[in-house]
$ cat structure.csv   # CSV, C-alpha atoms and all ligand atoms
chain,number,residue,atom,x,y,z
R,14,MET,CA,-19.0,4.3,-4.9
R,15,ARG,CA,-15.7,4.0,-6.7
R,16,VAL,CA,-12.5,3.6,-4.7
R,17,VAL,CA,-9.0,4.1,-6.1
R,18,SER,CA,-5.8,3.2,-4.2
R,19,GLY,CA,-2.1,2.9,-5.1
R,20,ILE,CA,0.8,1.1,-3.6
R,21,GLN,CA,4.5,1.6,-4.0
R,22,PRO,CA,5.9,-1.3,-6.0
R,23,THR,CA,8.6,-2.9,-3.9
R,24,GLY,CA,10.3,-6.3,-3.8
R,25,ASN,CA,11.3,-8.6,-1.0
R,26,LEU,CA,7.8,-8.5,0.4
R,27,HIS,CA,7.3,-9.3,4.1
R,28,LEU,CA,4.7,-9.8,6.7
R,29,GLY,CA,4.6,-6.1,7.5
R,30,ASN,CA,3.7,-5.3,3.9
R,31,TYR,CA,0.9,-7.9,4.1
R,32,LEU,CA,-0.6,-7.0,7.4
R,33,GLY,CA,0.1,-3.2,7.1
R,34,ALA,CA,-0.9,-2.6,3.5
R,35,ILE,CA,-2.0,-5.4,1.1
R,36,ARG,CA,-4.5,-7.0,3.5
R,37,ASN,CA,-6.4,-3.7,3.7
R,38,TRP,CA,-6.9,-3.8,-0.1
R,39,VAL,CA,-8.3,-7.2,0.1
R,40,ARG,CA,-10.7,-6.0,2.9
R,41,MET,CA,-11.8,-3.0,0.8
R,42,GLN,CA,-12.4,-5.3,-2.2
R,43,ASP,CA,-14.4,-7.7,-0.1
R,44,ASP,CA,-16.5,-4.8,1.4
R,45,MET,CA,-17.7,-3.6,-2.0
R,46,GLN,CA,-21.4,-3.9,-2.7
R,47,ASP,CA,-23.0,-4.5,-6.1
R,48,GLY,CA,-22.3,-1.7,-8.5
R,49,GLU,CA,-19.3,-0.5,-6.5
R,50,GLN,CA,-15.8,-0.9,-7.7
R,51,CYS,CA,-12.1,-0.8,-6.6
R,52,LEU,CA,-9.2,0.2,-8.8
R,53,PHE,CA,-5.8,-0.8,-7.4
R,54,PHE,CA,-2.6,0.3,-9.0
R,55,LEU,CA,1.1,-0.1,-8.6
R,56,ALA,CA,2.5,3.3,-8.4
R,57,ASP,CA,5.5,2.8,-10.7
R,58,LEU,CA,5.3,6.3,-12.2
R,59,HIS,CA,5.6,7.7,-8.7
R,60,ALA,CA,8.7,5.6,-8.1
R,61,ILE,CA,10.8,7.6,-10.5
R,62,SER,CA,10.6,10.8,-8.4
R,63,MET,CA,13.4,9.4,-6.3
R,64,PRO,CA,16.7,8.0,-7.4
R,65,HIS,CA,16.0,4.4,-8.5
R,66,ASP,CA,17.4,1.4,-10.2
R,67,PRO,CA,15.3,0.5,-13.3
R,68,ALA,CA,15.8,-3.2,-13.0
R,69,GLU,CA,14.9,-3.2,-9.4
R,70,LEU,CA,11.7,-1.1,-10.1
R,71,HIS,CA,10.7,-3.6,-12.8
R,72,ARG,CA,11.2,-6.5,-10.5
R,73,GLY,CA,9.5,-4.8,-7.6
R,74,THR,CA,6.5,-4.0,-9.7
R,75,LEU,CA,6.0,-7.6,-10.8
R,76,GLU,CA,6.6,-8.9,-7.2
R,77,MET,CA,4.1,-6.5,-5.7
R,78,ALA,CA,1.5,-7.4,-8.4
R,79,ALA,CA,2.1,-11.1,-7.7
R,80,ALA,CA,1.8,-10.5,-4.0
R,81,VAL,CA,-1.4,-8.6,-4.2
R,82,VAL,CA,-3.1,-11.3,-6.3
R,83,ALA,CA,-1.7,-14.0,-4.1
R,84,CYS,CA,-3.1,-12.2,-1.0
R,85,GLY,CA,-6.6,-12.1,-2.5
R,86,ILE,CA,-7.1,-9.3,-4.9
R,87,ASP,CA,-9.3,-10.8,-7.5
R,88,PRO,CA,-8.6,-9.3,-10.9
R,89,HIS,CA,-12.1,-10.2,-12.0
R,90,ARG,CA,-13.7,-8.2,-9.2
R,91,SER,CA,-11.2,-5.3,-8.9
R,92,ILE,CA,-9.2,-3.6,-11.6
R,93,LEU,CA,-5.5,-4.1,-10.9
R,94,PHE,CA,-2.9,-2.4,-13.1
R,95,ASN,CA,0.4,-0.5,-13.1
R,96,GLN,CA,0.3,3.2,-13.7
R,97,ALA,CA,2.9,3.2,-16.4
R,98,GLN,CA,0.6,1.0,-18.6
R,99,VAL,CA,-2.1,3.6,-18.5
R,100,PRO,CA,-0.7,6.7,-20.1
R,101,ALA,CA,-3.7,8.7,-19.1
R,102,HIS,CA,-2.1,9.2,-15.6
R,103,ALA,CA,0.9,11.0,-17.0
R,104,GLU,CA,-1.3,12.9,-19.5
R,105,MET,CA,-3.7,14.0,-16.9
R,106,GLN,CA,-0.9,15.1,-14.6
R,107,TRP,CA,0.3,17.5,-17.3
R,108,LEU,CA,-3.2,18.8,-17.9
R,109,LEU,CA,-3.6,19.5,-14.2
R,110,ASN,CA,-0.2,21.1,-13.9
R,111,GLY,CA,-1.8,24.1,-15.5
R,112,THR,CA,-4.3,24.4,-12.6
R,113,ALA,CA,-2.1,23.4,-9.7
R,114,ARG,CA,-0.3,26.4,-8.0
R,115,MET,CA,3.4,26.4,-7.0
R,116,GLY,CA,2.3,27.8,-3.6
R,117,TRP,CA,0.0,24.8,-3.0
R,118,LEU,CA,2.8,22.3,-3.7
R,119,ASN,CA,5.3,24.3,-1.7
R,120,ARG,CA,3.1,23.8,1.4
R,121,MET,CA,3.0,20.0,1.2
R,122,THR,CA,4.7,18.7,4.3
R,123,GLN,CA,5.8,15.5,2.6
R,124,TRP,CA,7.7,17.6,0.0
R,125,LYS,CA,9.3,19.6,2.8
R,126,ASP,CA,10.3,16.5,4.7
R,127,LYS,CA,11.7,14.6,1.7
R,128,ALA,CA,13.5,17.6,0.2
R,129,GLY,CA,14.9,18.8,3.5
R,130,LYS,CA,17.4,21.6,3.0
R,131,ASN,CA,18.3,20.5,-0.5
R,132,ARG,CA,15.3,21.7,-2.5
R,133,GLU,CA,17.4,22.7,-5.5
R,134,GLY,CA,18.8,19.2,-5.9
R,135,GLN,CA,15.4,17.4,-6.0
R,136,SER,CA,13.7,16.2,-9.1
R,137,VAL,CA,10.8,18.1,-10.5
R,138,ALA,CA,8.8,14.9,-10.2
R,139,LEU,CA,9.3,14.9,-6.4
R,140,PHE,CA,7.8,18.4,-6.3
R,141,ALA,CA,4.9,17.6,-8.7
R,142,TYR,CA,4.2,14.1,-7.2
R,143,PRO,CA,1.0,15.3,-5.5
R,144,VAL,CA,-0.4,16.5,-8.9
R,145,LEU,CA,0.2,12.9,-10.2
R,146,GLN,CA,-1.7,11.7,-7.2
R,147,ALA,CA,-4.5,14.0,-8.0
R,148,ALA,CA,-4.5,12.7,-11.6
R,149,ASP,CA,-4.6,9.1,-10.3
R,150,VAL,CA,-7.9,9.7,-8.6
R,151,LEU,CA,-9.6,12.4,-10.7
R,152,LEU,CA,-9.2,10.4,-13.9
R,153,TYR,CA,-11.7,7.8,-12.7
R,154,GLN,CA,-14.4,10.1,-11.2
R,155,THR,CA,-13.3,8.5,-7.9
R,156,THR,CA,-15.7,9.0,-5.0
R,157,HIS,CA,-13.6,7.7,-2.2
R,158,VAL,CA,-9.9,7.4,-1.5
R,159,PRO,CA,-8.5,5.5,1.5
R,160,VAL,CA,-5.9,7.8,3.1
R,161,GLY,CA,-3.7,7.6,6.2
R,162,GLU,CA,-2.9,10.7,8.2
R,163,ASP,CA,0.2,11.4,6.1
R,164,GLN,CA,-1.8,11.5,2.8
R,165,LYS,CA,-4.7,13.7,3.9
R,166,GLN,CA,-3.0,16.8,2.7
R,167,HIS,CA,-2.5,15.4,-0.7
R,168,LEU,CA,-6.1,14.4,-1.0
R,169,GLU,CA,-7.1,18.0,0.0
R,170,LEU,CA,-4.8,19.2,-2.8
R,171,ALA,CA,-6.6,16.9,-5.3
R,172,ARG,CA,-9.9,18.4,-4.2
R,173,ASP,CA,-8.5,22.0,-4.6
R,174,ILE,CA,-7.2,21.2,-8.1
R,175,ALA,CA,-10.5,19.6,-9.1
R,176,GLN,CA,-12.5,22.5,-7.7
R,177,LYS,CA,-10.4,25.2,-9.4
R,178,PHE,CA,-10.4,23.3,-12.7
R,179,ASN,CA,-14.2,22.9,-12.6
R,180,ASN,CA,-14.5,26.5,-11.7
R,181,ASP,CA,-12.2,27.9,-14.4
R,182,PHE,CA,-13.0,25.6,-17.3
R,183,ALA,CA,-16.3,23.8,-16.8
R,184,GLY,CA,-19.9,24.9,-16.9
R,185,GLU,CA,-21.6,25.1,-13.5
R,186,ASP,CA,-23.8,22.2,-14.3
R,187,THR,CA,-21.2,20.2,-16.1
R,188,PRO,CA,-18.2,19.7,-13.8
R,189,VAL,CA,-15.4,17.7,-15.3
R,190,PHE,CA,-14.2,16.2,-12.0
R,191,THR,CA,-15.8,14.6,-9.0
R,192,LEU,CA,-14.4,15.8,-5.7
R,193,PRO,CA,-13.2,12.7,-3.9
R,194,GLU,CA,-13.9,12.1,-0.2
R,195,ALA,CA,-11.3,10.6,2.2
R,196,ILE,CA,-12.1,7.3,3.8
R,197,THR,CA,-10.1,6.1,6.7
R,198,PRO,CA,-8.6,2.7,6.0
R,199,PRO,CA,-9.1,0.0,8.6
R,200,GLN,CA,-6.5,0.4,11.4
R,201,ALA,CA,-3.5,-1.7,10.3
R,202,ALA,CA,-1.0,-3.3,12.6
R,203,ARG,CA,2.6,-1.9,12.6
R,204,ILE,CA,4.9,-4.9,12.6
R,205,MET,CA,8.3,-4.6,14.2
R,206,SER,CA,11.6,-6.5,13.4
R,207,LEU,CA,11.9,-10.0,14.9
R,208,ARG,CA,15.4,-9.0,16.0
R,209,ASP,CA,14.8,-5.6,17.5
R,210,GLY,CA,11.4,-4.5,18.8
R,211,SER,CA,12.2,-0.8,18.3
R,212,LYS,CA,12.7,-1.1,14.5
R,213,LYS,CA,10.0,-1.6,11.9
R,214,MET,CA,10.1,-4.9,10.0
R,215,SER,CA,11.6,-3.8,6.7
R,216,LYS,CA,13.0,-5.1,3.5
R,217,SER,CA,16.0,-2.8,4.0
R,218,ASP,CA,17.0,-4.5,7.3
R,219,PRO,CA,20.3,-6.4,6.4
R,220,SER,CA,19.3,-9.3,8.6
R,221,GLU,CA,16.9,-11.7,6.9
R,222,MET,CA,16.1,-13.1,10.3
R,223,SER,CA,14.4,-9.8,11.2
R,224,ARG,CA,11.5,-10.4,8.8
R,225,ILE,CA,9.2,-13.1,7.5
R,226,GLU,CA,9.0,-12.9,3.8
R,227,LEU,CA,6.0,-13.8,1.7
R,228,ALA,CA,8.2,-16.2,-0.3
R,229,ASP,CA,9.4,-18.0,2.8
R,230,ASP,CA,8.7,-21.7,3.1
R,231,ALA,CA,7.2,-23.4,6.2
R,232,ASP,CA,10.6,-24.4,7.7
R,233,THR,CA,12.0,-20.9,7.3
R,234,VAL,CA,9.0,-19.3,9.0
R,235,MET,CA,9.2,-21.7,11.9
R,236,LYS,CA,12.9,-21.1,12.3
R,237,LYS,CA,12.6,-17.3,12.2
R,238,VAL,CA,9.8,-17.3,14.8
R,239,LYS,CA,11.8,-19.7,17.0
R,240,LYS,CA,14.9,-17.4,16.8
R,241,ALA,CA,12.9,-14.2,17.3
R,242,LYS,CA,14.3,-12.1,20.1
R,243,THR,CA,12.2,-12.3,23.4
R,244,ASP,CA,12.7,-11.9,27.1
R,245,PRO,CA,12.7,-14.6,29.8
R,246,GLU,CA,9.3,-13.6,31.3
R,247,PRO,CA,6.1,-15.5,30.6
R,248,LEU,CA,3.3,-13.7,28.8
R,249,PRO,CA,1.2,-11.4,31.0
R,250,SER,CA,-2.5,-11.9,31.1
R,251,GLU,CA,-3.2,-8.3,30.4
R,252,ALA,CA,-1.9,-5.9,27.7
R,253,GLY,CA,-0.5,-3.5,30.4
R,254,GLY,CA,2.0,-6.2,31.3
R,255,LEU,CA,3.6,-5.8,27.8
R,256,VAL,CA,4.7,-2.2,28.5
R,257,GLY,CA,8.5,-2.0,28.1
R,258,ARG,CA,8.6,-5.5,26.5
R,259,ALA,CA,8.7,-4.4,22.8
R,260,GLU,CA,9.7,-7.9,21.4
R,261,ALA,CA,7.0,-9.7,23.4
R,262,LEU,CA,4.4,-7.1,22.4
R,263,ASN,CA,5.4,-7.5,18.7
R,264,LEU,CA,4.9,-11.3,18.7
R,265,VAL,CA,1.6,-11.0,20.4
R,266,THR,CA,0.6,-8.2,18.0
R,267,ILE,CA,1.5,-10.4,15.0
R,268,TYR,CA,-0.5,-13.2,16.4
R,269,ALA,CA,-3.5,-11.0,17.0
R,270,ALA,CA,-3.3,-9.4,13.5
R,271,VAL,CA,-2.9,-12.7,11.7
R,272,ALA,CA,-5.7,-14.4,13.7
R,273,ASP,CA,-7.8,-11.2,13.3
R,274,THR,CA,-8.4,-10.8,17.0
R,275,THR,CA,-7.1,-8.4,19.7
R,276,VAL,CA,-3.9,-8.5,21.8
R,277,GLU,CA,-6.2,-8.9,24.9
R,278,ALA,CA,-7.8,-12.0,23.4
R,279,VAL,CA,-4.4,-13.5,22.6
R,280,LEU,CA,-3.2,-12.8,26.2
R,281,GLY,CA,-6.5,-14.3,27.4
R,282,GLU,CA,-5.4,-17.6,25.8
R,283,TYR,CA,-1.7,-17.5,26.3
R,284,GLY,CA,-1.2,-15.3,29.5
R,285,GLY,CA,1.0,-17.2,31.9
R,286,GLU,CA,2.7,-19.3,29.2
R,287,GLY,CA,6.3,-18.9,28.3
R,288,PHE,CA,7.7,-18.4,24.7
R,289,GLY,CA,8.5,-22.1,24.6
R,290,LYS,CA,4.8,-22.6,24.1
R,291,PHE,CA,3.8,-19.4,22.4
R,292,LYS,CA,6.4,-19.4,19.6
R,293,PRO,CA,5.4,-22.7,18.1
R,294,ALA,CA,1.8,-21.7,18.2
R,295,LEU,CA,2.6,-18.4,16.5
R,296,GLY,CA,4.8,-20.2,13.9
R,297,GLU,CA,2.0,-22.7,13.1
R,298,LEU,CA,-0.5,-19.9,12.7
R,299,LEU,CA,1.8,-18.0,10.4
R,300,VAL,CA,2.6,-21.1,8.3
R,301,GLU,CA,-1.1,-22.0,7.9
R,302,THR,CA,-1.9,-18.4,6.9
R,303,LEU,CA,1.0,-17.8,4.6
R,304,ARG,CA,1.1,-21.2,2.9
R,305,PRO,CA,-1.6,-20.5,0.3
R,306,ILE,CA,-0.2,-17.0,-0.2
R,307,SER,CA,3.4,-18.0,-0.7
R,308,THR,CA,2.4,-20.9,-3.0
R,309,ARG,CA,0.4,-18.6,-5.3
R,310,PHE,CA,3.0,-15.9,-5.0
R,311,ASN,CA,5.8,-18.2,-6.2
R,312,GLU,CA,3.6,-19.7,-8.9
R,313,LEU,CA,2.8,-16.3,-10.3
R,314,LEU,CA,6.4,-15.2,-10.3
R,315,ASP,CA,7.3,-18.4,-12.2
R,316,ASP,CA,4.5,-17.8,-14.7
R,317,ARG,CA,5.3,-14.3,-16.1
R,318,GLU,CA,2.8,-14.7,-18.9
R,319,ALA,CA,-0.1,-15.2,-16.5
R,320,LEU,CA,1.0,-12.2,-14.4
R,321,ASP,CA,1.5,-10.0,-17.5
R,322,ALA,CA,-1.9,-11.0,-18.7
R,323,ILE,CA,-3.5,-10.0,-15.5
R,324,LEU,CA,-1.8,-6.6,-15.6
R,325,ALA,CA,-2.6,-6.1,-19.3
R,326,ARG,CA,-6.2,-6.8,-18.7
R,327,GLY,CA,-6.4,-4.4,-15.8
R,328,ALA,CA,-4.6,-1.7,-17.8
R,329,SER,CA,-7.0,-2.0,-20.7
R,330,GLN,CA,-10.0,-1.7,-18.3
R,331,ALA,CA,-8.5,1.3,-16.6
R,332,ARG,CA,-7.7,3.0,-20.0
R,333,GLU,CA,-11.3,2.5,-21.0
R,334,LEU,CA,-12.6,4.0,-17.7
R,335,ALA,CA,-10.3,6.9,-17.9
R,336,ARG,CA,-11.0,7.8,-21.5
R,337,PRO,CA,-14.2,10.0,-21.1
R,338,THR,CA,-12.7,12.1,-18.3
R,339,LEU,CA,-9.4,12.5,-20.2
R,340,ASP,CA,-11.3,13.6,-23.3
R,341,ALA,CA,-13.5,16.0,-21.4
R,342,THR,CA,-10.4,17.5,-19.8
R,343,TYR,CA,-8.6,18.1,-23.1
R,344,SER,CA,-11.8,19.6,-24.5
R,345,ALA,CA,-12.5,21.9,-21.6
R,346,LEU,CA,-9.0,23.3,-22.0
R,347,GLY,CA,-9.5,24.0,-25.7
R,348,LEU,CA,-7.1,21.2,-26.7
R,401,LIG,P1,9.7,-1.4,3.7
R,401,LIG,O1,9.7,-0.7,5.0
R,401,LIG,O2,10.0,-2.9,3.8
R,401,LIG,O3,10.7,-0.7,2.7
R,401,LIG,P2,7.7,-0.1,2.1
R,401,LIG,O4,8.1,1.2,2.7
R,401,LIG,O5,8.0,-0.4,0.7
R,401,LIG,O6,8.3,-1.3,3.1
R,401,LIG,O7,6.2,-0.2,2.4
R,401,LIG,C1,5.2,-0.7,1.5
R,401,LIG,C2,3.9,-0.8,2.3
R,401,LIG,O8,3.9,-1.7,3.3
R,401,LIG,C3,3.5,0.6,2.9
R,401,LIG,O9,2.1,0.8,2.8
R,401,LIG,C4,3.9,0.4,4.4
R,401,LIG,O10,3.0,1.2,5.2
R,401,LIG,C5,3.6,-1.1,4.6
R,401,LIG,N1,4.6,-1.6,5.6
R,401,LIG,C6,5.9,-1.7,5.4
R,401,LIG,N2,6.5,-2.2,6.5
R,401,LIG,C7,5.5,-2.3,7.4
R,401,LIG,C8,5.5,-2.8,8.8
R,401,LIG,N3,6.6,-3.2,9.4
R,401,LIG,N4,4.3,-2.8,9.4
R,401,LIG,C9,3.2,-2.4,8.8
R,401,LIG,N5,3.1,-2.0,7.6
R,401,LIG,C10,4.3,-1.9,6.8
R,402,NA,NA,10.7,1.8,3.2
$ encode --input "structure.csv" --output "structure tokens" --more "lines below"
Ligand code: ADP
Ligand code: NA
Amino acid sequence: MRVVSGIQPTGNLHLGNYLGAIRNWVRMQDDMQDGEQCLFFLADLHAISMPHDPAELHRGTLEMAAAVVACGIDPHRSILFNQAQVPAHAEMQWLLNGTARMGWLNRMTQWKDKAGKNREGQSVALFAYPVLQAADVLLYQTTHVPVGEDQKQHLELARDIAQKFNNDFAGEDTPVFTLPEAITPPQAARIMSLRDGSKKMSKSDPSEMSRIELADDADTVMKKVKKAKTDPEPLPSEAGGLVGRAEALNLVTIYAAVADTTVEAVLGEYGGEGFGKFKPALGELLVETLRPISTRFNELLDDREALDAILARGASQARELARPTLDATYSALGL
């Protein structure tokens, strides 16, 4: 089993990024058996498909790398790298562009959503993005790719490209590419803003009080939880009692996600209590959980050499793993 997964490199990382994305990677890594392997990459090449600020992309890539390591990705067990440091991704995409069909890409719902009515104004990269995703997984003879609902179509495309390429250019008994299977990532919590239960917790929210950041110290975390928007009612003893109470539901959801339990179990303990009691408990739980993460995160960001060394090592391992498939692809194409 070989699993490959990428993440958008963004900065100002918050609790939503941790519980909704990074923690799943750590779980995947921890579930690997002997002889199995995870490759995790920061999708910096993907980021240039949309208008972007180079300095921000660079900073976001480093921040995400630091966060991922701080949250428990062990660069000695998993291979962690950024895409741009492994040129095989961009090379393979070009080689696969000969096999991918315009019609296949035209049908991608994400392309249709992102381009909207202004297709002519989009970058070629935005259109061809799913071919780069195919390259990301096919390069490593990946057997399994964790994909959410919104990415299923892109994995199907990767399989179609692999199949057509094998068909057109490889001998029946010597396929160049493995067809990757989708695996459903563990159900991740969706964390809402601390100021407005109808909005997702997000780095782009102008209010810093709306999110808990991975770099926040203990006092800041306690303050943000204390100031979080709530209602005057005590917590119900059953989940049904949280219907129509988005902010209360969010705080209980955060507690359950961090403690790795269910909303029902949290209500079993705190049902009947007011927020005067629940908020300090939630704050302390967050502080305890985030302290080692924020300490390591800030250390890594202060020690750029250590961080660069982790990424350089991961990139060199990835380049080595990609080499045979890249060579076989060139060769099959007569290049
Ligand atoms: P933001 O919304 O802060 O801009 P991104 O869009 O950069 O975050 O998301 C990076 C990753 O973190 C994605 O995998 C996304 O699903 C996850 N994520 C972001 N915000 C949340 C949230 N509020 N709850 C759960 N997961 C989230
Ligand atoms: Na976003």
$ closest_residue --input "structure.csv" --among "R:Thr342, R:Thr23, R:Ser329, R:Thr243" --to "Pro100 of chain R" --atoms "all atoms listed in the file"
R:Ser329
$ atom_distance --input "structure.csv" --atom1 "atom CA of Ala328 of chain R" --atom2 "atom CA of Cys84 of chain R"
19.9 Å
$ atom_distance --input "structure.csv" --atom1 "atom CA of Asn110 of chain R" --atom2 "atom CA of Gly19 of chain R"
20.3 Å
$ residues_around --input "structure.csv" --residues "Ala335 of chain R" --least-positions-apart "4" --cutoff "7 Å" --atoms "all atoms listed in the file" --output "list in words"
Ala101, Leu152, Tyr153, Ala331 and Leu339 of chain R
$ write_last_selection --input "structure.csv" --atoms "C-alpha atoms" --output "short mmCIF file (atom, residue, chain, number, x, y, z; two decimals), in the coordinates of the input"
data_model
loop_
_atom_site.label_atom_id
_atom_site.label_comp_id
_atom_site.auth_asym_id
_atom_site.auth_seq_id
_atom_site.Cartn_x
_atom_site.Cartn_y
_atom_site.Cartn_z
CA ALA R 101 -3.70 8.70 -19.10
CA LEU R 152 -9.20 10.40 -13.90
CA TYR R 153 -11.70 7.80 -12.70
CA ALA R 331 -8.50 1.30 -16.60
CA LEU R 339 -9.40 12.50 -20.20
#
$ axis_aligned_box --input "structure.csv" --around "segment 94-105 of chain R" --padding-each-side "5 Å" --output "JSON"
{"center_x": -0.4, "center_y": 5.8, "center_z": -16.6, "size_x": 16.6, "size_y": 26.4, "size_z": 17.0}
$ residues_around --input "structure.csv" --residues "Ala278 of chain R" --least-positions-apart "4" --cutoff "12 Å" --atoms "all atoms listed in the file" --output "number ranges by chain"
R: 249-252, 265-266, 268-270, 272-274, 282-284
$ write_last_selection --input "structure.csv" --atoms "C-alpha atoms" --output "PDB file, in the coordinates of the input"
ATOM      1  CA  PRO R 249       1.200 -11.400  31.000  1.00  0.00           C
ATOM      2  CA  SER R 250      -2.500 -11.900  31.100  1.00  0.00           C
ATOM      3  CA  GLU R 251      -3.200  -8.300  30.400  1.00  0.00           C
ATOM      4  CA  ALA R 252      -1.900  -5.900  27.700  1.00  0.00           C
ATOM      5  CA  VAL R 265       1.600 -11.000  20.400  1.00  0.00           C
ATOM      6  CA  THR R 266       0.600  -8.200  18.000  1.00  0.00           C
ATOM      7  CA  TYR R 268      -0.500 -13.200  16.400  1.00  0.00           C
ATOM      8  CA  ALA R 269      -3.500 -11.000  17.000  1.00  0.00           C
ATOM      9  CA  ALA R 270      -3.300  -9.400  13.500  1.00  0.00           C
ATOM     10  CA  ALA R 272      -5.700 -14.400  13.700  1.00  0.00           C
ATOM     11  CA  ASP R 273      -7.800 -11.200  13.300  1.00  0.00           C
ATOM     12  CA  THR R 274      -8.400 -10.800  17.000  1.00  0.00           C
ATOM     13  CA  GLU R 282      -5.400 -17.600  25.800  1.00  0.00           C
ATOM     14  CA  TYR R 283      -1.700 -17.500  26.300  1.00  0.00           C
ATOM     15  CA  GLY R 284      -1.200 -15.300  29.500  1.00  0.00           C
TER      16      GLY R 284
END
$ closest_residue --input "structure.csv" --among "R:Arg332, R:His157, R:Arg309, R:Lys212" --to "ligand NA 402 (chain R)" --atoms "all atoms listed in the file"
R:Lys212
$ residues_around --input "structure.csv" --residues "Asn95 of chain R" --least-positions-apart "6" --cutoff "8 Å" --atoms "only C-alpha atoms" --output "NGL selection string"
:R and (54-57 or 74 or 324 or 328)
$ build_atoms --input "structure.csv" --residues "segment 23-38 of chain R" --atoms "N, CA and C atoms" --output "mmCIF file, in the frame of the given file"
data_model
loop_
_atom_site.group_PDB
_atom_site.id
_atom_site.type_symbol
_atom_site.label_atom_id
_atom_site.label_comp_id
_atom_site.auth_asym_id
_atom_site.auth_seq_id
_atom_site.Cartn_x
_atom_site.Cartn_y
_atom_site.Cartn_z
ATOM 1 N N THR R 23 7.336 -2.488 -4.430
ATOM 2 C CA THR R 23 8.600 -2.900 -3.900
ATOM 3 C C THR R 23 8.765 -4.388 -3.875
ATOM 4 N N GLY R 24 10.000 -4.840 -3.827
ATOM 5 C CA GLY R 24 10.300 -6.300 -3.800
ATOM 6 C C GLY R 24 10.545 -6.755 -2.385
ATOM 7 N N ASN R 25 10.959 -8.022 -2.260
ATOM 8 C CA ASN R 25 11.300 -8.600 -1.000
ATOM 9 C C ASN R 25 10.135 -8.413 0.031
ATOM 10 N N LEU R 26 8.937 -8.772 -0.389
ATOM 11 C CA LEU R 26 7.800 -8.500 0.400
ATOM 12 C C LEU R 26 7.729 -9.299 1.683
ATOM 13 N N HIS R 27 7.279 -8.669 2.761
ATOM 14 C CA HIS R 27 7.300 -9.300 4.100
ATOM 15 C C HIS R 27 5.960 -9.194 4.767
ATOM 16 N N LEU R 28 5.912 -9.821 5.942
ATOM 17 C CA LEU R 28 4.700 -9.800 6.700
ATOM 18 C C LEU R 28 4.150 -8.440 7.032
ATOM 19 N N GLY R 29 5.049 -7.482 7.235
ATOM 20 C CA GLY R 29 4.600 -6.100 7.500
ATOM 21 C C GLY R 29 3.880 -5.514 6.310
ATOM 22 N N ASN R 30 4.372 -5.776 5.097
ATOM 23 C CA ASN R 30 3.700 -5.300 3.900
ATOM 24 C C ASN R 30 2.286 -5.920 3.806
ATOM 25 N N TYR R 31 2.212 -7.222 4.134
ATOM 26 C CA TYR R 31 0.900 -7.900 4.100
ATOM 27 C C TYR R 31 -0.064 -7.362 5.082
ATOM 28 N N LEU R 32 0.333 -7.381 6.357
ATOM 29 C CA LEU R 32 -0.600 -7.000 7.400
ATOM 30 C C LEU R 32 -0.848 -5.473 7.419
ATOM 31 N N GLY R 33 0.174 -4.695 7.003
ATOM 32 C CA GLY R 33 0.100 -3.200 7.100
ATOM 33 C C GLY R 33 -0.522 -2.597 5.842
ATOM 34 N N ALA R 34 -0.509 -3.294 4.718
ATOM 35 C CA ALA R 34 -0.900 -2.600 3.500
ATOM 36 C C ALA R 34 -1.817 -3.527 2.601
ATOM 37 N N ILE R 35 -1.265 -4.650 2.155
ATOM 38 C CA ILE R 35 -2.000 -5.400 1.100
ATOM 39 C C ILE R 35 -3.297 -5.994 1.671
ATOM 40 N N ARG R 36 -3.309 -6.411 2.937
ATOM 41 C CA ARG R 36 -4.500 -7.000 3.500
ATOM 42 C C ARG R 36 -5.675 -5.971 3.521
ATOM 43 N N ASN R 37 -5.323 -4.700 3.691
ATOM 44 C CA ASN R 37 -6.400 -3.700 3.700
ATOM 45 C C ASN R 37 -7.050 -3.582 2.310
ATOM 46 N N TRP R 38 -6.272 -3.767 1.271
ATOM 47 C CA TRP R 38 -6.900 -3.800 -0.100
ATOM 48 C C TRP R 38 -7.874 -4.893 -0.202
#
